[in-house]
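Undergrad: Pasting a structure here, questions to come.
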Amino acid sequence: MKISNFRRYALTRESGKVGHEGVRELKEESVIMHPFEGDGTEIPAAPVGAVPKKKGKLMARLWRERYLYLLLLPGLAYFIVYRYVPMLGNVIAFQDFSPFQGFLHSDWVGFAHFRKIFGDPEVVRVLGNTLLLSMLQIVFAFPIPILLTIMLNELRSEKYKRMLQSILYLPHFLSWVVVIGIATIFLKTEGLVNEVLHALFGAEPTAFLQEPGWFMPLLVLEVIWKEAGWGTIMFLAALSGINPSLYEAAVVDGASRWRQIWHITLPGLRSTIVILFILRLGTVLDSGFEQVFLMLNPFTMDIGNVLDTFVYYKGIQQADFSFGTAVGLFKSVVGLLLILGANKLAKKYGDQGVF
Amino acid sequence: MRHKGTLSGRLTDGLNVVLLGLLALLMLLPFYYIFVVSFVDAKEFSSSELILWPKNWVSDAYAYILSSKEFIRSMGVTIYVTALGTLVNLVLTATMAYAITRNIWGQRFYVFLVLFTFIFSAGMIPTYLIVKETGLIDSYWSLILPAAINPFNLIVMRQFFMGIPDELNEAAVIDGANDLQIFAKIILPLSKPAIAAFGLFYAVLNWNTYFGAILYLNDPTKWTVQVVLRQLVILNDQDTLASAARDAALAGELPPSETIGMAAILLATLPILAVYPFLQKHFAKGVMLGSVKG
């Protein structure tokens, strides 16, 4: 019994590996896998044994797999309690939730809170801030890792490349508190940046952190400083899947460096760029709560308050649970729709997509 | 050995080397500056000169921080939460990842449950209410349980387990081992390097956690080091380290608040810098992708 079960399992896994040829190749060379790949292509367990018709058979199977279920249980409990029950908890967006009455006894108000989202000028402004910030991040921060990857790929010295990588990855592992702490120290009116600007140009000191006009550029610069290096990892992994003989052939054909980048390197990055772009689109309404929250101060609240921080101030600090939840749910649903839409579009235009 | 030869090719190469070097410098300079300035004395700090190297090294700022109960306590809290949290992270992630590697009943459904959380999240407030309902407000478990599994790490660990040859399993079954024994005696020992890597990544996440602390901990005596750091450096609240401030005021030697902030940043980052070389060892192995989201 057990043996046959294992054999079936082995067979399932074998067949599960039949995927898109190119992707498969890339995956093996680079070891790095995309989160969804390999799951999306997986083939269901063998139909005959996997779905027992009789209750007795199912019970027998569950009994056989009891130890595996024991291993599954703590993790599953986590997902149910802290990931899925809160999803159901979103029903309070349709209630006038009061902690004293609980989920079950609060009054139902239908879509009233959602109507309020678009009727409230503050929310509309916050939504605008969120979209503006995301647009700036996508235009200025998203392409940087791609550029960095191409530059690193052009280096001849492996040793220098590795040294640079270990330096460029470092900021990713710092907390946002530390990064913004450093920014605060550097950007104070009496900080280093103002000191240098004064020494070079005789500029008057600027209170960068209190200046609304500097708020979003600073957020983008911080993200670039912290994540640009780390962002190259996915792209470098994709490049390691390119067959070096392509470059050799291009050199024989007399292709210049730029033509090699254009015709070999960039196409090699294409599917990774598309996948990361789709995932990024799914998060256009996420601004990175910690970073924005830590950067906000009374002077920048008008330009800097985004949906994430708004939900915190409204829902937690002012205990307006239902309205905060409605805004959060709106955010999640839009994110889901965007990711599904972008995925569909990518597939339509011949790319792999995420799932 | 590509594009060798031409002058313009070599020029572009040189430019590329220099440009990347400058970028790397941009990552390191803030640390250098903070390190150097955290060691200058009050007199030099208040002079208008640019500080490139301290005239005389003093460790007043460090002595000040380390004499404060608040900072030491927050470090203790953070070490505790990081150690316990990482243990919970690893146990839950490894057991579940292995279970959904095997062809158990409902396997595809469990994988779907995990993947769905990538594209749809419950949102801050319902999660907050659940944490509250489960009685975790002002408990250190509020920092640990709601983040017990990083779904990304779970999927990557599952991919890793799937790479272990089945023959080992089959041999163990023939020897009469049950699934728990297979997991503990075959799978885990084979996965030691991977588990260590995931442990490091989880530890960094736990050390850096800030969001949970401000959401779920109201009691200042339970603050983690990141919260204390924010009070001290970003909000410039000198009462944060009240006990040290009292002593220093009595002795009449309060270091400049800036040097205190810089020293605090370095002390709070030291553990990260210490494990960084080990983290780096795993970059090439593809196990690091779990942290992309975090």
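In the structure tokens, the first chain shown is A, the next is B, and so on; residue numbers restart at 1 for each chain, and ligands run from 1 in the order shown.
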Would you list, as JSON, numbers by chain, the residues of stretch 83-219 of chain A that end up in alpha helix (DSSP H) under DSSP run on this structure's backbone?

TA: {"A": [85, 86, 87, 88, 89, 102, 103, 104, 105, 112, 113, 114, 115, 116, 117, 118, 119, 121, 122, 123, 124, 125, 126, 127, 128, 129, 130, 131, 132, 133, 134, 135, 136, 143, 144, 145, 146, 147, 148, 149, 150, 151, 152, 153, 154, 158, 159, 160, 161, 162, 163, 164, 165, 166, 167, 168, 169, 176, 177, 178, 179, 180, 181, 182, 183, 184, 185, 186, 187, 192, 193, 194, 195, 196, 197, 198, 199, 200, 201, 212, 213, 214, 215, 216, 217, 218, 219]}

Undergrad: Would you please extract all strand (DSSP E) residues from stretch 72-289 of chain A, as assigned by DSSP on the backbone, and give them as a VMD selection string?

TA: chain A and resid 95 to 96 107 to 108

Undergrad: Mind dumping the selected residues with N, CA, C and O atoms as a PDB file, in the first residue's frame?

TA:
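Wrote part01.pdb, looks like this:
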```pdb
ATOM      1  N   GLN A  95     -20.714  46.970   8.301  1.00  0.00           N
ATOM      2  CA  GLN A  95     -21.453  47.157   9.552  1.00  0.00           C
ATOM      3  C   GLN A  95     -21.056  48.492  10.188  1.00  0.00           C
ATOM      4  O   GLN A  95     -20.124  49.141   9.736  1.00  0.00           O
ATOM      5  N   ASP A  96     -21.816  48.846  11.249  1.00  0.00           N
ATOM      6  CA  ASP A  96     -21.298  49.876  12.141  1.00  0.00           C
ATOM      7  C   ASP A  96     -20.725  49.122  13.320  1.00  0.00           C
ATOM      8  O   ASP A  96     -21.358  48.973  14.360  1.00  0.00           O
ATOM      9  N   ASP A 107     -24.713  46.547  13.842  1.00  0.00           N
ATOM     10  CA  ASP A 107     -25.728  46.858  12.837  1.00  0.00           C
ATOM     11  C   ASP A 107     -25.142  46.816  11.435  1.00  0.00           C
ATOM     12  O   ASP A 107     -24.030  47.264  11.198  1.00  0.00           O
ATOM     13  N   TRP A 108     -25.951  46.283  10.492  1.00  0.00           N
ATOM     14  CA  TRP A 108     -25.530  46.245   9.090  1.00  0.00           C
ATOM     15  C   TRP A 108     -25.856  47.565   8.414  1.00  0.00           C
ATOM     16  O   TRP A 108     -26.938  48.102   8.604  1.00  0.00           O
TER      17      TRP A 108
END
```

Undergrad: So what do you get for atom CA of B:Ser74 versus atom CA of B:Lys222, distance-wise?

TA: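 Spanning atom CA of B:Ser74 to atom CA of B:Lys222 is a straight-line distance of 7.1 Å.
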
Undergrad: Rank B:Asn218, B:Tyr140, B:Glu167, B:Pro193 by their smallest atom-to-atom distance to B:Val77, using only C-alpha atoms, and report the top residue only.

TA: B:Tyr140

Undergrad: From the options A:Met59, A:Val251, A:Ile278, A:Ile242, which residue's atoms come nearest to chain B, counting only C-alpha atoms?

TA: A:Val251

Undergrad: Using only C-alpha atoms, which protein or nucleic acid residues come within 10 Å of A:Leu329? Drop anything in the same chain fewer than 2 positions from it, and give the result as a VMD selection string.

TA: (chain A and resid 87 90 to 91 93 114 323 to 327 331 to 335) or (chain B and resid 120 to 126)

Undergrad: Choose the residue, out of A:Lys161, A:His263, A:His198, A:Lys347, that has the smallest atom-to-atom separation from B:Asn16; count only C-alpha atoms.

TA: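 Distance minimum relative to B:Asn16 lands on A:Lys161.
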
Undergrad: In Å, with one decimal, what is the gap from atom CA of B:Leu200 to atom CA of B:Ile149?

TA: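 Atom CA of B:Ile149 lies at a distance of 14.2 Å from atom CA of B:Leu200.
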
Undergrad: Between B:Leu23, B:Ile72, B:Ala61, B:Ala194, which one has atoms that come closest to chain A, using only C-alpha atoms?

TA: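 Answer, going by the shortest atom-to-atom distance: B:Leu23.
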
Undergrad: Between atom CA of A:Trp230 and atom CA of A:Lys159, what is the spacing in Å?

TA: 18.2 Å
